[in-house]
$ cat run.csv   # CSV, C-alpha atoms
chain,number,residue,atom,x,y,z
P,5,MET,CA,-28.5,3.0,-52.9
P,6,LEU,CA,-30.1,1.8,-56.1
P,7,LEU,CA,-29.5,3.8,-59.3
P,8,SER,CA,-32.0,3.6,-62.2
P,9,ILE,CA,-30.8,4.9,-65.6
P,10,PRO,CA,-33.7,4.3,-68.0
P,11,HIS,CA,-32.9,6.7,-70.8
P,12,GLY,CA,-29.1,6.1,-71.3
P,13,GLY,CA,-29.4,3.6,-74.1
P,14,THR,CA,-28.5,4.3,-77.7
P,15,GLN,CA,-29.2,1.1,-79.6
P,16,ARG,CA,-31.9,0.3,-82.1
P,17,PRO,CA,-33.9,-2.8,-81.4
P,18,PRO,CA,-33.3,-5.4,-84.1
P,19,GLU,CA,-37.1,-6.0,-84.2
P,20,LEU,CA,-37.4,-2.6,-85.9
P,21,ASP,CA,-34.9,-3.2,-88.7
P,22,ASN,CA,-36.1,-1.7,-92.0
P,23,LEU,CA,-38.8,0.4,-90.3
P,24,LEU,CA,-36.8,3.3,-89.1
P,25,SER,CA,-36.2,6.8,-90.6
P,26,ILE,CA,-34.7,8.5,-87.5
P,27,THR,CA,-31.2,10.0,-88.0
P,28,ASP,CA,-28.3,9.5,-85.6
P,29,ALA,CA,-28.5,13.2,-84.6
P,30,ASP,CA,-32.3,13.0,-83.9
P,31,LEU,CA,-31.8,9.9,-81.9
P,32,PHE,CA,-29.0,11.6,-79.9
P,33,ASP,CA,-31.3,14.6,-79.2
P,34,ASP,CA,-34.1,12.4,-78.0
P,35,SER,CA,-31.9,10.5,-75.6
P,36,ASP,CA,-30.2,11.3,-72.3
P,37,PRO,CA,-26.8,11.2,-73.9
P,38,PHE,CA,-23.8,10.0,-71.8
P,39,VAL,CA,-25.8,9.5,-68.6
P,40,ILE,CA,-24.5,6.0,-68.1
P,41,GLU,CA,-20.9,7.3,-68.1
P,42,ILE,CA,-22.0,10.1,-65.7
P,43,TYR,CA,-24.2,8.2,-63.2
P,44,ASP,CA,-23.1,4.6,-63.3
P,45,LEU,CA,-21.1,3.9,-60.1
P,46,GLY,CA,-21.0,0.1,-60.6
P,47,GLU,CA,-20.2,-1.8,-57.4
P,48,LYS,CA,-19.8,1.4,-55.4
P,49,VAL,CA,-23.6,1.3,-54.9
P,50,GLU,CA,-25.9,-1.7,-54.1
P,51,SER,CA,-27.2,-1.9,-57.6
P,52,VAL,CA,-27.5,-0.1,-61.0
P,53,VAL,CA,-30.4,-0.8,-63.3
P,54,LYS,CA,-29.8,0.4,-66.9
P,55,THR,CA,-30.6,-0.4,-70.6
P,56,ASN,CA,-28.8,-0.3,-73.9
P,57,ILE,CA,-32.1,0.4,-75.9
P,58,ALA,CA,-32.8,4.0,-76.8
P,59,ARG,CA,-35.9,5.7,-75.3
P,60,ALA,CA,-37.0,6.7,-78.7
P,61,PHE,CA,-38.1,3.1,-79.3
P,62,VAL,CA,-39.0,1.9,-75.8
P,63,ASP,CA,-39.4,4.5,-73.0
P,64,LEU,CA,-39.0,2.7,-69.7
P,65,ASN,CA,-40.2,5.7,-67.7
P,66,ARG,CA,-43.7,5.5,-69.0
P,67,SER,CA,-46.9,3.6,-68.0
P,68,LEU,CA,-48.0,0.6,-70.0
P,69,LYS,CA,-51.1,2.5,-70.9
P,70,ASP,CA,-49.1,5.5,-72.1
P,71,LEU,CA,-49.2,4.9,-75.9
P,72,PRO,CA,-49.8,6.9,-79.1
P,73,PRO,CA,-51.9,8.4,-80.6
P,74,GLN,CA,-53.0,9.7,-77.1
P,75,ASN,CA,-49.4,10.5,-76.2
P,76,PRO,CA,-46.9,10.7,-79.1
P,77,ASP,CA,-44.1,10.8,-76.4
P,78,GLY,CA,-45.4,7.7,-74.6
P,79,LEU,CA,-43.9,4.2,-74.1
P,80,ILE,CA,-43.7,3.4,-77.8
P,81,LYS,CA,-43.3,6.7,-79.7
P,82,ASN,CA,-44.0,7.7,-83.2
P,83,SER,CA,-41.9,10.9,-83.0
P,84,THR,CA,-39.1,12.3,-80.9
P,85,CYS,CA,-39.5,15.0,-78.3
P,86,TYR,CA,-38.6,17.5,-81.1
P,87,GLN,CA,-41.4,16.1,-83.3
P,88,LYS,CA,-39.0,14.3,-85.7
P,89,PRO,CA,-40.4,11.1,-87.2
P,90,ILE,CA,-38.9,7.9,-85.9
P,91,TYR,CA,-40.4,5.5,-88.5
P,92,LYS,CA,-40.8,5.5,-92.2
P,93,LYS,CA,-44.2,6.7,-93.2
P,94,GLY,CA,-46.8,4.1,-92.6
P,95,ARG,CA,-44.3,1.7,-90.9
P,96,GLU,CA,-45.0,2.6,-87.3
P,97,PRO,CA,-45.3,-0.4,-84.9
P,98,ASP,CA,-48.7,-2.1,-84.9
P,99,GLU,CA,-50.2,-3.5,-81.7
P,100,SER,CA,-48.5,-6.9,-82.1
P,101,LEU,CA,-45.0,-5.3,-82.5
P,102,ARG,CA,-45.6,-3.0,-79.6
P,103,LYS,CA,-46.3,-6.1,-77.4
P,104,VAL,CA,-43.0,-7.7,-78.6
P,105,LEU,CA,-41.1,-4.5,-77.7
P,106,ILE,CA,-42.8,-4.3,-74.3
P,107,GLU,CA,-42.0,-8.0,-73.5
P,108,MET,CA,-38.4,-7.8,-74.7
P,109,TYR,CA,-37.3,-4.5,-73.2
P,110,TYR,CA,-39.9,-2.8,-70.9
P,111,LYS,CA,-41.0,-5.5,-68.6
P,112,PRO,CA,-37.4,-6.9,-67.9
P,113,TYR,CA,-36.3,-3.5,-66.8
P,114,HIS,CA,-39.2,-3.1,-64.3
P,115,ARG,CA,-38.8,-6.7,-63.1
P,116,SER,CA,-35.2,-6.0,-62.4
P,117,ILE,CA,-36.1,-2.9,-60.3
P,118,GLN,CA,-38.8,-5.0,-58.4
P,119,LYS,CA,-36.3,-7.8,-57.8
P,120,LYS,CA,-33.7,-5.4,-56.3
P,121,ILE,CA,-36.4,-3.7,-54.1
P,122,HIS,CA,-37.4,-7.1,-52.8
P,123,GLU,CA,-33.9,-8.4,-52.2
P,124,LEU,CA,-31.9,-5.4,-51.0
P,125,ASP,CA,-31.9,-3.3,-47.9
P,126,LEU,CA,-31.9,0.2,-49.3
P,127,GLN,CA,-31.9,3.7,-47.9
P,128,LEU,CA,-32.6,5.7,-51.1
P,129,CYS,CA,-33.2,5.1,-54.9
P,130,LEU,CA,-32.4,7.6,-57.6
P,131,ASP,CA,-33.8,7.7,-61.1
P,132,CYS,CA,-31.1,9.4,-63.1
P,133,HIS,CA,-31.6,11.6,-66.2
P,134,SER,CA,-30.4,14.6,-68.1
P,135,MET,CA,-32.4,17.4,-69.6
P,136,ALA,CA,-32.0,19.8,-72.5
P,137,PRO,CA,-30.9,23.3,-71.5
P,138,VAL,CA,-34.0,24.7,-73.1
P,139,ALA,CA,-37.3,22.9,-73.0
P,140,PRO,CA,-38.6,21.4,-76.2
P,141,ASN,CA,-42.2,22.4,-77.0
P,142,ILE,CA,-43.5,18.9,-76.1
P,143,SER,CA,-42.3,19.2,-72.5
P,144,PRO,CA,-44.3,20.4,-69.5
P,145,ASP,CA,-42.3,23.5,-69.3
P,146,GLY,CA,-42.3,24.1,-73.1
P,147,ARG,CA,-42.1,27.2,-75.2
P,148,GLU,CA,-38.3,27.3,-75.0
P,149,LYS,CA,-38.0,28.0,-71.3
P,150,LYS,CA,-34.4,27.9,-69.9
P,151,ARG,CA,-33.9,25.2,-67.3
P,152,PRO,CA,-31.9,25.1,-64.0
P,153,LEU,CA,-28.6,23.2,-63.7
P,154,PHE,CA,-30.3,20.4,-61.8
P,155,CYS,CA,-33.9,19.5,-61.1
P,156,LEU,CA,-34.7,17.1,-58.3
P,157,SER,CA,-38.2,15.8,-57.9
P,158,ASN,CA,-40.1,13.7,-55.4
P,159,GLN,CA,-43.7,14.4,-56.4
P,160,ASP,CA,-43.9,17.3,-54.0
P,161,GLY,CA,-43.0,15.1,-51.0
P,162,LYS,CA,-44.8,11.9,-52.0
P,163,THR,CA,-41.9,9.7,-53.0
P,164,SER,CA,-39.3,10.9,-50.4
P,165,THR,CA,-39.3,13.3,-47.5
P,166,ASN,CA,-38.7,16.9,-48.3
P,167,GLN,CA,-35.8,16.8,-45.8
P,168,MET,CA,-34.1,14.2,-47.9
P,169,ILE,CA,-34.5,16.0,-51.2
P,170,GLU,CA,-33.2,19.2,-49.6
P,171,LEU,CA,-30.2,17.4,-48.3
P,172,LEU,CA,-29.5,15.9,-51.7
P,173,ALA,CA,-29.7,19.4,-53.2
P,174,SER,CA,-27.2,20.7,-50.7
P,175,CYS,CA,-24.8,17.8,-51.5
P,176,ILE,CA,-25.1,18.4,-55.2
P,177,SER,CA,-24.4,22.1,-54.7
P,178,GLU,CA,-21.2,21.3,-52.7
P,179,SER,CA,-19.9,18.4,-54.8
P,180,PHE,CA,-20.5,20.1,-58.2
P,181,ASP,CA,-19.5,23.5,-56.9
P,182,ILE,CA,-22.7,25.2,-58.1
P,183,GLU,CA,-25.0,27.7,-56.4
P,184,LYS,CA,-28.0,26.2,-54.5
P,185,SER,CA,-30.2,28.6,-56.4
P,186,LYS,CA,-29.3,26.7,-59.7
P,187,ILE,CA,-30.9,23.6,-58.3
P,188,SER,CA,-34.7,23.5,-58.5
P,189,LEU,CA,-37.1,21.1,-56.7
P,190,ASN,CA,-40.1,19.7,-58.5
P,191,ASP,CA,-39.9,22.3,-61.2
P,192,PRO,CA,-40.1,21.7,-64.2
P,193,PHE,CA,-40.3,18.0,-63.4
P,194,HIS,CA,-42.3,16.4,-60.5
P,195,GLY,CA,-41.0,12.8,-60.9
P,196,GLY,CA,-41.7,10.4,-63.8
P,197,TYR,CA,-43.4,7.1,-63.9
P,198,ILE,CA,-40.6,5.1,-62.2
P,199,THR,CA,-40.3,7.6,-59.3
P,200,ARG,CA,-44.1,7.7,-58.9
P,201,THR,CA,-44.5,4.0,-59.1
P,202,TYR,CA,-41.7,2.9,-56.7
P,203,GLY,CA,-41.4,5.9,-54.5
P,204,ASN,CA,-41.9,4.9,-50.8
P,205,ASN,CA,-43.0,1.5,-52.0
P,206,PRO,CA,-41.2,0.7,-49.7
P,207,TYR,CA,-38.0,2.8,-50.3
P,208,PRO,CA,-37.8,6.6,-51.1
P,209,TRP,CA,-37.1,7.6,-54.7
P,210,ILE,CA,-35.9,10.9,-56.1
P,211,GLN,CA,-35.6,11.8,-59.8
P,212,VAL,CA,-32.4,13.6,-60.7
P,213,GLU,CA,-32.2,15.7,-63.9
P,214,MET,CA,-28.8,17.2,-64.9
P,215,ASN,CA,-28.7,20.0,-67.4
P,216,ARG,CA,-26.8,19.0,-70.5
P,217,ASP,CA,-25.0,22.4,-70.6
P,218,LEU,CA,-22.8,20.8,-67.9
P,219,TYR,CA,-21.2,18.5,-70.5
P,220,LEU,CA,-22.5,19.3,-74.0
P,221,GLY,CA,-20.9,22.7,-74.2
P,222,GLU,CA,-18.5,23.6,-76.9
P,223,SER,CA,-15.5,23.1,-74.6
P,224,TRP,CA,-16.2,19.3,-74.4
P,225,PHE,CA,-18.6,18.3,-77.2
P,226,ASP,CA,-18.4,18.2,-81.0
P,227,ARG,CA,-21.9,18.4,-82.5
P,228,ASN,CA,-20.8,17.3,-85.9
P,229,SER,CA,-19.3,14.0,-84.8
P,230,LEU,CA,-21.5,13.7,-81.6
P,231,SER,CA,-18.2,13.0,-79.7
P,232,ILE,CA,-17.3,14.2,-76.3
P,233,ASP,CA,-14.2,14.8,-74.2
P,234,SER,CA,-14.2,11.7,-72.0
P,235,SER,CA,-12.4,13.5,-69.2
P,236,ARG,CA,-15.4,15.7,-68.6
P,237,LEU,CA,-17.6,12.6,-68.2
P,238,ARG,CA,-15.1,11.1,-65.7
P,239,GLN,CA,-15.1,14.4,-63.8
P,240,LEU,CA,-18.9,14.4,-63.5
P,241,ASN,CA,-18.9,10.8,-62.5
P,242,MET,CA,-16.5,11.5,-59.7
P,243,GLN,CA,-18.5,14.5,-58.6
P,244,PHE,CA,-21.6,12.4,-58.5
P,245,GLU,CA,-19.8,9.7,-56.4
P,246,ASN,CA,-18.6,12.4,-54.1
P,247,CYS,CA,-22.1,13.8,-53.8
P,248,LEU,CA,-23.5,10.4,-52.7
P,249,ASN,CA,-20.7,9.8,-50.2
P,250,LEU,CA,-21.4,13.2,-48.7
P,251,LEU,CA,-25.1,12.5,-48.7
P,252,PHE,CA,-24.8,9.3,-46.8
P,253,SER,CA,-22.2,10.8,-44.4
P,254,LYS,CA,-24.8,13.5,-43.5
P,255,ILE,CA,-27.6,10.9,-43.3
P,256,ASN,CA,-25.6,8.8,-40.8
P,257,ARG,CA,-24.4,11.8,-38.9
P,258,THR,CA,-27.8,13.5,-38.5
P,259,GLY,CA,-30.0,10.3,-38.3
P,260,ILE,CA,-32.3,11.8,-40.9
P,261,GLU,CA,-35.2,9.6,-41.9
P,262,SER,CA,-35.3,8.8,-45.6
P,263,GLN,CA,-39.0,8.1,-45.6

$ encode --input "run.csv" --output "structure tokens"
Amino acid sequence: MLLSIPHGGTQRPPELDNLLSITDADLFDDSDPFVIEIYDLGEKVESVVKTNIARAFVDLNRSLKDLPPQNPDGLIKNSTCYQKPIYKKGREPDESLRKVLIEMYYKPYHRSIQKKIHELDLQLCLDCHSMAPVAPNISPDGREKKRPLFCLSNQDGKTSTNQMIELLASCISESFDIEKSKISLNDPFHGGYITRTYGNNPYPWIQVEMNRDLYLGESWFDRNSLSIDSSRLRQLNMQFENCLNLLFSKINRTGIESQ
């Protein structure tokens, strides 16, 4: 198993000092908060690829051609997914600074994935994310549509077998003790750039999106301080580990083909 966590970073690149206007709260809302604590299983899996740079500044799950103004939510963004400005007016990165950010943060992440794919003997790769409970307007399922507890995506069968994604859904349902009906497949997401690029090339990839209601509810999270009950994160991390153990047990028992 290889785990990719491209949106878990929270840090501001030093190359952008004095250019930024984004607030801590807006940066938090644009990120996949606490997903490293939730998904990172360390040496319990073959490899974990992650970053400490926030997606608001360099989005690793985008194509090199996906840039503003054509896409304000592309690789180098001008505004967050809630249309909040990231930079001081007129201080957005020019082409030369974009190239620096891409060389410093984007390309090393993808080189790391490519190196792991080349060196390791893998059965499955997961691109791990969280999603807002209600879609921001910029999202493909916009207009404030409520989302499921999990969304799994494989480009409608292109990046893994449908048997594999169905099996993962069953293991999530059992390990997280949620109804199977609360887990959607390829809706609202179909698999982002990382899943599309590396899926079945040569190993199967599935994108995993966890609803933030599972850990940012009032029982665990303080919106004012942006702090969370760490025991909830440890619980979700343990459930995720149990899910993968169950998944591979079923794969080995049934002989299911991952590709």

$ residues_around --input "run.csv" --residues "Arg102 in chain P" --least-positions-apart "4" --cutoff "10 Å" --atoms "all atoms listed in the file" --output "JSON, numbers by chain"
{"P": [61, 62, 71, 79, 80, 81, 96, 97, 98, 106, 107, 108]}

$ write_last_selection --input "run.csv" --atoms "C-alpha atoms" --output "mmCIF file, in the frame of the given file"
data_model
loop_
_atom_site.group_PDB
_atom_site.id
_atom_site.type_symbol
_atom_site.label_atom_id
_atom_site.label_comp_id
_atom_site.auth_asym_id
_atom_site.auth_seq_id
_atom_site.Cartn_x
_atom_site.Cartn_y
_atom_site.Cartn_z
ATOM 1 C CA PHE P 61 -38.100 3.100 -79.300
ATOM 2 C CA VAL P 62 -39.000 1.900 -75.800
ATOM 3 C CA LEU P 71 -49.200 4.900 -75.900
ATOM 4 C CA LEU P 79 -43.900 4.200 -74.100
ATOM 5 C CA ILE P 80 -43.700 3.400 -77.800
ATOM 6 C CA LYS P 81 -43.300 6.700 -79.700
ATOM 7 C CA GLU P 96 -45.000 2.600 -87.300
ATOM 8 C CA PRO P 97 -45.300 -0.400 -84.900
ATOM 9 C CA ASP P 98 -48.700 -2.100 -84.900
ATOM 10 C CA ILE P 106 -42.800 -4.300 -74.300
ATOM 11 C CA GLU P 107 -42.000 -8.000 -73.500
ATOM 12 C CA MET P 108 -38.400 -7.800 -74.700
#

$ axis_aligned_box --input "run.csv" --around "range 161-178 of chain P" --padding-each-side "6 Å" --output "AutoDock Vina command-line options"
--center_x -33.0 --center_y 15.9 --center_z -50.5 --size_x 35.6 --size_y 24.4 --size_z 21.4

$ closest_residue --input "run.csv" --among "P:Ala136, P:Ile42, P:Val212, P:Ile176" --to "Ser157 in chain P" --atoms "all atoms listed in the file"
P:Val212

$ residues_around --input "run.csv" --residues "Tyr86 in chain P" --least-positions-apart "6" --cutoff "12 Å" --atoms "only C-alpha atoms" --output "PyMOL selection string"
chain P and resi 26+29-35+60+76-77+136+138-143+146-148

$ atom_distance --input "run.csv" --atom1 "CA of Gly203 in chain P" --atom2 "CA of Leu6 in chain P"
12.1 Å

$ atom_distance --input "run.csv" --atom1 "CA of Tyr110 in chain P" --atom2 "CA of Asn75 in chain P"
17.2 Å

$ residues_around --input "run.csv" --residues "range 238-249 of chain P" --least-positions-apart "2" --cutoff "12 Å" --atoms "all atoms listed in the file" --output "count of residues only"
50

$ closest_residue --input "run.csv" --among "P:Ile169, P:Leu237, P:Val52, P:Ile117" --to "Leu64 in chain P" --atoms "only C-alpha atoms"
P:Ile117

$ closest_residue --input "run.csv" --among "P:Pro10, P:Pro206, P:Pro17, P:Gly195" --to "Asp125 in chain P" --atoms "all atoms listed in the file"
P:Pro206

$ atom_distance --input "run.csv" --atom1 "CA of Ala58 in chain P" --atom2 "CA of Gly12 in chain P"
7.0 Å

$ closest_residue --input "run.csv" --among "P:Pro73, P:Pro37, P:Gly94, P:Gly78" --to "Leu23 in chain P" --atoms "all atoms listed in the file"
P:Gly94

$ build_atoms --input "run.csv" --residues "range 192-211 of chain P" --atoms "N, CA and C atoms" --output "compact mmCIF listing (two decimals), in the frame of the given file"
# COMPACT_ATOMS: atom_id res chain seq x y z
N PRO P 192 -38.88 21.97 -63.46
CA PRO P 192 -40.10 21.70 -64.20
C PRO P 192 -40.68 20.29 -64.02
N PHE P 193 -39.90 19.38 -63.45
CA PHE P 193 -40.30 18.00 -63.40
C PHE P 193 -40.75 17.66 -61.93
N HIS P 194 -41.74 16.79 -61.82
CA HIS P 194 -42.30 16.40 -60.50
C HIS P 194 -41.94 14.94 -60.16
N GLY P 195 -41.29 14.23 -61.07
CA GLY P 195 -41.00 12.80 -60.90
C GLY P 195 -41.81 12.00 -61.87
N GLY P 196 -41.10 11.22 -62.71
CA GLY P 196 -41.70 10.40 -63.80
C GLY P 196 -42.33 9.15 -63.26
N TYR P 197 -42.70 8.31 -64.20
CA TYR P 197 -43.40 7.10 -63.90
C TYR P 197 -42.66 6.18 -62.91
N ILE P 198 -41.36 6.01 -63.11
CA ILE P 198 -40.60 5.10 -62.20
C ILE P 198 -40.58 5.68 -60.81
N THR P 199 -40.31 6.97 -60.66
CA THR P 199 -40.30 7.60 -59.30
C THR P 199 -41.66 7.49 -58.67
N ARG P 200 -42.71 7.79 -59.43
CA ARG P 200 -44.10 7.70 -58.90
C ARG P 200 -44.46 6.31 -58.46
N THR P 201 -44.06 5.33 -59.28
CA THR P 201 -44.50 4.00 -59.10
C THR P 201 -43.79 3.32 -57.86
N TYR P 202 -42.47 3.56 -57.76
CA TYR P 202 -41.70 2.90 -56.70
C TYR P 202 -41.37 3.73 -55.52
N GLY P 203 -41.66 5.00 -55.59
CA GLY P 203 -41.40 5.90 -54.50
C GLY P 203 -42.10 5.54 -53.21
N ASN P 204 -41.34 5.34 -52.11
CA ASN P 204 -41.90 4.90 -50.80
C ASN P 204 -42.70 3.66 -50.91
N ASN P 205 -42.25 2.76 -51.77
CA ASN P 205 -43.00 1.50 -52.00
C ASN P 205 -41.96 0.32 -52.05
N PRO P 206 -41.15 0.06 -51.03
CA PRO P 206 -41.20 0.70 -49.70
C PRO P 206 -40.09 1.78 -49.54
N TYR P 207 -39.18 1.95 -50.52
CA TYR P 207 -38.00 2.80 -50.30
C TYR P 207 -38.26 4.19 -50.99
N PRO P 208 -37.64 5.25 -50.45
CA PRO P 208 -37.80 6.60 -51.10
C PRO P 208 -37.07 6.66 -52.40
N TRP P 209 -37.65 7.40 -53.33
CA TRP P 209 -37.10 7.60 -54.70
C TRP P 209 -37.05 9.13 -54.92
N ILE P 210 -35.99 9.56 -55.59
CA ILE P 210 -35.90 10.90 -56.10
C ILE P 210 -35.43 10.89 -57.53
N GLN P 211 -36.06 11.68 -58.38
CA GLN P 211 -35.60 11.80 -59.80
C GLN P 211 -34.60 12.92 -59.87
